[in-house]
Each structure stands twice: as C-alpha cells, then as structure tokens.
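Reviewing the structure listed below.
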Amino acid sequence: VESEETNASVGYAQDYLLLSNEAAAEGKPVKDRARLCDGSRGVWIRNDRYDSDHTHGTGCTLSSAIASAWAMGQRERDSIGSSIGGENVGALCAMRLADACCIAKAYVNAGIARGVQLGKGPGPVVHTGFPNSYKNFPTIELSASNTSMSPFPAMQSYHSAKSSSAAPALGRILPIVDTVEWIEQLVSTPGIEDIQLRFKDTTDYDIILDRIKRSSALCQSAGVRLWINDYWKAALEAGGCFGIHLGQEDLASCVDAGGLDLIRDAGLAFGVSTHSYSELCAALGVRPSYISLGPVFSTQSKDVKFDPQGLETVRQWRSLIPPDIPLIAIGGIGNADVAKVVREAGAECSAVIGAVTKAADVKKAVEALNAAME
C-alpha cells in the first residue's frame, strides 16, 4: 500500500508492509520474540524519491520482483537441502517474504533511477540486476510521516581514519568477552581499541550492572572503548560506556521501550547485528554507528539461528551499506588467516572471540589479527 500524499509531503517513496502472523513467522529465528523487520507489526519500506516521470510499470515490477525474490530463496533452500552433506550458505537461504519485499523495493528504485523516455509519455521502469548499491537499498521505518531518525554518533573505519572526519575510528578487531578478568587483560594489550562485553552465564541485573561498572572503569583508565551487548538499561545506569550493541530481537524491544532515544540522548554509539536483507533494512533505519554481519562462517561460540553467510555476503553487505558506516564481520573468524580473507571481502573490522581468548599468546594473536585486517 503506497501513501502518495505522505510520500509527496516527506520526499520519500515508501510502501507499507503488513504481514499475517503466519507469513511473518516463516523462517523467523526466534519464534516468540519480535523483530522490526517481521512485518506483522506493520512497517514502512522507504527509499529516497527520484524526481522522475519515468515510472511506468512500477506496480507490476514490484509485485513480480517480490515473487521472484521469494522464489529465489525457496529455490536456494531446496537446492541445498537436496544435496548430500550440503550446508546453507549466504543471505539467499534466509530470503523470506519480508526480505523479498525489501529486495523488490531496491530493484524498483534502481529501475526508476535509470528510467528514460521511450516514445510518448512516461518511460518504463528499467530492468536492472540483483540490488548491489546502497544508493537504492531501502530502510525499514516505523512511521510514514516522521523524517528519518537522528543518527547515532558516527564511527569511521580504521582504513578511512586519515579522512577529514572527526569521528572516532573503530578498531580493526573487536574482541568479545564475558568476564571482567578478560577486560582487565585486554585493556593492557597493545592494539586493542574496542572491547565488547556480553553476558552468557547470568541474567541477574545487579550482577550485570556490577560487571559493567567495573569493566567501564578499567576501559576508561586505559583509553579503550567499551561496548555492551544487549543490556542497554544497565549500560545507561552504569555510565562510562562508549556504545551499545543489540541483536534484532533486542532492537525491537528497545524501540518499544523508548530506549533508542535514551541511548541517543546519552551520546552513546550504537551497533546492530544483521543476518538477512530485511534485518539490514531495519538496521539502516535506526542510523547506527556500525553494522555487523554474521555468522560469516560456522561458529560454536553462540547458538546462531542463521546459516553461515560466506564471503560473498560480506562483499554484498559492503556494497549495500553506505560507505560511511563501518561493517563488522563476526562468526568463525578463528585466526589471522581467516581475518585476512574477511578483510579482503570488504569488512573493516572483525569481531573475534576464540581467536583471542583461546590463543596461547594473546599479545601475538592480537598483533597478527590487526595485521591481517590492515
């Protein structure tokens, strides 16, 4: 459903997506928790509007592209499922109806951008290829009339740190640990600029708050940036943290609780996990400081509900994300050799766990990982 009056007033081209609970549940990673991109709550898929008269066939093209993209996902899953010992790899395997709508929106937008007049009257939408540019990739918004959310504090990648931007440069690696003891060791390790603290062994708020306070004090004294995974309320209460990282389900609950405004008002940076095209649209809609993609390879460090993405998805994500937003790769990056191919695929930062915590020599491991991500 397209709101022409609203679109004309805000300068966007956007379509409303509302899925049934059954359609939204198809392929949903966590059945009892909502994501912004599920569609059952109703969302707007938004692009900047091109000032073009050559829009003939947009409706037919959009519906055909949705059906085609949806079928591509099913074909990919059927193909892998019929192979012996096959493993689903890549974002196409996660292509469900909401993802197909996002891909179709990008396809139509690219076609309008290249539209030309043929004969009399408005020209047709040009048929291009599979979306491969951030210039046409949409965002998911919760309101039709609101202008875009204010962005979170900008980060730049290590590789663009020589630019004129005053934004802080994200480190080449992002160690993810779950104890204060690891924080204490890593803040004194050369080459560590960012650390993410997660909580795997407890959900007790007081324990989490205490760990954040102690970790924050260690990081501040060493000049290392501390990112908190999921527990944004505790991070705000503790103070002293640099940023928050949320997965898609926690992003949705944070939005519902008004947390994004609180995090933004506190001046904290903000990162978001993505595993599919619709999740990428949702992440772009909140204007984060960075976006992560995973798992790039199979991993044992977390019960991940998505299949490995592979290096081709890393390349694709880099092209679909604006160049001023760093891309972090996560999942299965167990050593410097793996980090190197991830960097070559386009990721500016590798989130690592076992590559650091299981290393015989942490200092040498960090040095090698940083060199690989140069």
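In the structure tokens, each chain is lettered A, B, ... as it comes, each chain's residues begin at 1, and ligands are numbered from 1 in order of appearance.
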Item to check | Picked from segment 170-263 of chain A by DSSP as strand (DSSP E), as a list in words | outcome: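 Put together, the selection reads Leu170, Ile173, Leu174, Pro175, Ile176, Val177, Asp194, Ile195, Gln196, Leu197, Arg225, Leu226, Trp227, Ile228, Asn229, Gly243, Ile244, His245 and Leu246 of chain A.
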Next on the checklist: Set the distance at 8 Å and use only C-alpha atoms: which residues neighbour segment 352-356 of chain A once local chain neighbours fewer than 3 positions away are removed? I'd like the list as a PyMOL selection string.
Outcome noted: chain A and resi 173-177+301+330-331+333-335+359+362+365-366
Next on the checklist: Can you pull out every residue from segment 133-287 of chain A that DSSP, working from the backbone, puts in alpha helix (DSSP H), and format the result as an MDAnalysis selection string?
Outcome noted: chainID A and resid 180:186 205:222 232:238 248:256 259:265 277:285
Next on the checklist: List as a ChimeraX atom specification the protein and nucleic acid residues near Cys60 of chain A, meaning an atom at most 12 Å away when only C-alpha atoms are counted, but skip any in the same chain fewer than 2 places from it.
Outcome noted: /A:55-58,62-67,104-105,108,124-125,127
Checklist entry - How far is it from atom CA of Lys213 of chain A to atom CA of Asp194 of chain A, in Å with one decimal? => result 16.3 Å
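Here atom CA of Gln300 of chain A stands at a distance of 27.8 Å from atom CA of Ile325 of chain A.
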Checklist outcome for this item: Students should find that atom CA of Ser52 of chain A and atom CA of Val126 of chain A are spaced 12.3 Å
Item to check | Neighbour list for segment 249-251 of chain A as a list in words, cut-off 6 Å, only C-alpha atoms, skip fewer than 2 positions in-chain | outcome: Ala34, Arg35, Leu246, Gly247, Ser253 and Cys254 of chain A
Item to check | Spatial neighbours of Asn21 of chain A, max dist 8 Å, only C-alpha atoms, sep filter under 3 positions, as a PyMOL selection string | outcome: chain A and resi 24-25+40
Could you write those residues out with N, CA and C atoms, as a tab-separated table (two decimals), in the first residue's frame?
```tsv
chain	number	residue	atom	x	y	z
A	24	ALA	N	4.73	-13.81	8.73
A	24	ALA	CA	5.86	-13.22	9.44
A	24	ALA	C	6.68	-14.27	10.17
A	25	ALA	N	6.04	-15.35	10.56
A	25	ALA	CA	6.72	-16.39	11.33
A	25	ALA	C	7.58	-17.29	10.45
A	40	SER	N	4.70	-8.20	10.80
A	40	SER	CA	3.41	-8.41	11.45
A	40	SER	C	2.97	-7.18	12.24
```
Item to check | From A:Asn109, A:Thr203, A:Ser143, A:Ser319, residue lying nearest Leu17 of chain A [only C-alpha atoms] | outcome: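 Between A:Asn109, A:Thr203, A:Ser143, A:Ser319, the residue approaching Leu17 of chain A most closely is A:Ser143.
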Using only C-alpha atoms, find each residue in segment 64-176 of chain A having at least one atom no more than 8 Å away from segment 278-294 of chain A; report its shortest atom-to-atom pair and that distance in Å (one decimal), rows by chain then rising number, as a Markdown table.
```
| residue | atom | partner | partner_atom | distance |
| --- | --- | --- | --- | --- |
| A:Ala98 | CA | A:Ser278 | CA | 6.1 |
| A:Asp99 | CA | A:Ser278 | CA | 4.6 |
| A:Cys102 | CA | A:Ser278 | CA | 6.1 |
| A:Phe137 | CA | A:Cys281 | CA | 7.7 |
| A:Pro138 | CA | A:Cys281 | CA | 6.0 |
| A:Thr139 | CA | A:Cys281 | CA | 4.4 |
| A:Ile140 | CA | A:Ala282 | CA | 4.8 |
| A:Glu141 | CA | A:Gly285 | CA | 5.8 |
| A:Ser148 | CA | A:Gly285 | CA | 7.6 |
| A:Met149 | CA | A:Val286 | CA | 6.3 |
| A:Ser150 | CA | A:Arg287 | CA | 7.1 |
| A:Pro151 | CA | A:Arg287 | CA | 4.6 |
| A:Phe152 | CA | A:Pro288 | CA | 5.4 |
| A:Pro153 | CA | A:Ser289 | CA | 5.9 |
| A:Ala154 | CA | A:Ser289 | CA | 5.0 |
| A:Met155 | CA | A:Ser289 | CA | 5.5 |
```
Checklist entry - Which residues come within 9 Å of Pro190 of chain A, counting only C-alpha atoms, excluding same-chain residues fewer than 2 positions away, as a list in words? => result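 Result of the neighbour search: Leu186, Val187, Ser188, Ile192, Glu193, Lys363, Val366 and Glu367 of chain A.
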Next on the checklist: Measuring between only C-alpha atoms, which one of A:Ala113, A:Ala94, A:Leu327, A:Ala266 shows the shortest distance to Lys28 of chain A?
Outcome noted: A:Ala94
Item to check | Nearest residue to Tyr205 of chain A from the set A:Arg114, A:Arg96, A:Lys233, A:His54 (distances using only C-alpha atoms) | outcome: A:Lys233
Check which residues of segment 277-319 of chain A sit at most 9 Å from segment 340-347 of chain A using only C-alpha atoms, and return one row each with the closest pair of atoms and their distance in Å to one decimal, ordered by chain and rising number, as JSON lines.
```
{"residue": "A:Val296", "atom": "CA", "partner": "A:Val342", "partner_atom": "CA", "distance": 8.5}
{"residue": "A:Leu311", "atom": "CA", "partner": "A:Ala345", "partner_atom": "CA", "distance": 6.1}
{"residue": "A:Glu312", "atom": "CA", "partner": "A:Ala345", "partner_atom": "CA", "distance": 7.3}
{"residue": "A:Thr313", "atom": "CA", "partner": "A:Ala345", "partner_atom": "CA", "distance": 8.8}
{"residue": "A:Val314", "atom": "CA", "partner": "A:Ala345", "partner_atom": "CA", "distance": 6.0}
{"residue": "A:Arg315", "atom": "CA", "partner": "A:Ala345", "partner_atom": "CA", "distance": 5.2}
{"residue": "A:Gln316", "atom": "CA", "partner": "A:Gly346", "partner_atom": "CA", "distance": 8.8}
{"residue": "A:Trp317", "atom": "CA", "partner": "A:Gly346", "partner_atom": "CA", "distance": 8.5}
{"residue": "A:Arg318", "atom": "CA", "partner": "A:Gly346", "partner_atom": "CA", "distance": 5.9}
{"residue": "A:Ser319", "atom": "CA", "partner": "A:Gly346", "partner_atom": "CA", "distance": 8.7}
```
I need the chosen residues saved as a compact mmCIF listing (two decimals), in the first residue's frame, with N, CA, C and O atoms.
```
# COMPACT_ATOMS: atom_id res chain seq x y z
N VAL A 296 29.71 -15.25 9.59
CA VAL A 296 30.35 -15.38 8.29
C VAL A 296 30.70 -16.85 8.02
O VAL A 296 30.47 -17.37 6.93
N LEU A 311 31.74 -15.44 2.33
CA LEU A 311 32.44 -14.22 1.95
C LEU A 311 31.67 -13.41 0.91
O LEU A 311 31.77 -12.17 0.89
N GLU A 312 30.90 -14.07 0.06
CA GLU A 312 30.15 -13.33 -0.95
C GLU A 312 29.13 -12.40 -0.30
O GLU A 312 28.88 -11.30 -0.80
N THR A 313 28.52 -12.84 0.81
CA THR A 313 27.57 -11.97 1.51
C THR A 313 28.29 -10.79 2.14
O THR A 313 27.74 -9.69 2.20
N VAL A 314 29.50 -10.99 2.62
CA VAL A 314 30.29 -9.87 3.14
C VAL A 314 30.48 -8.83 2.04
O VAL A 314 30.29 -7.63 2.26
N ARG A 315 30.84 -9.28 0.85
CA ARG A 315 31.02 -8.36 -0.27
C ARG A 315 29.72 -7.63 -0.59
O ARG A 315 29.70 -6.42 -0.84
N GLN A 316 28.64 -8.36 -0.58
CA GLN A 316 27.35 -7.76 -0.91
C GLN A 316 26.94 -6.75 0.15
O GLN A 316 26.46 -5.65 -0.17
N TRP A 317 27.12 -7.10 1.41
CA TRP A 317 26.74 -6.17 2.50
C TRP A 317 27.54 -4.88 2.40
O TRP A 317 26.99 -3.81 2.61
N ARG A 318 28.81 -5.00 2.05
CA ARG A 318 29.63 -3.79 1.95
C ARG A 318 29.09 -2.86 0.86
O ARG A 318 29.16 -1.62 1.01
N SER A 319 28.54 -3.42 -0.19
CA SER A 319 28.00 -2.60 -1.27
C SER A 319 26.62 -2.05 -0.93
O SER A 319 26.22 -1.02 -1.49
```
Next on the checklist: Calculated over only C-alpha atoms, which of the candidates A:Leu142, A:Cys219, A:Ile112, A:Leu170 has the smallest distance to Ala269 of chain A?
Outcome noted: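 Of A:Leu142, A:Cys219, A:Ile112, A:Leu170, the one nearest Ala269 of chain A, counting only C-alpha atoms, is A:Leu170.
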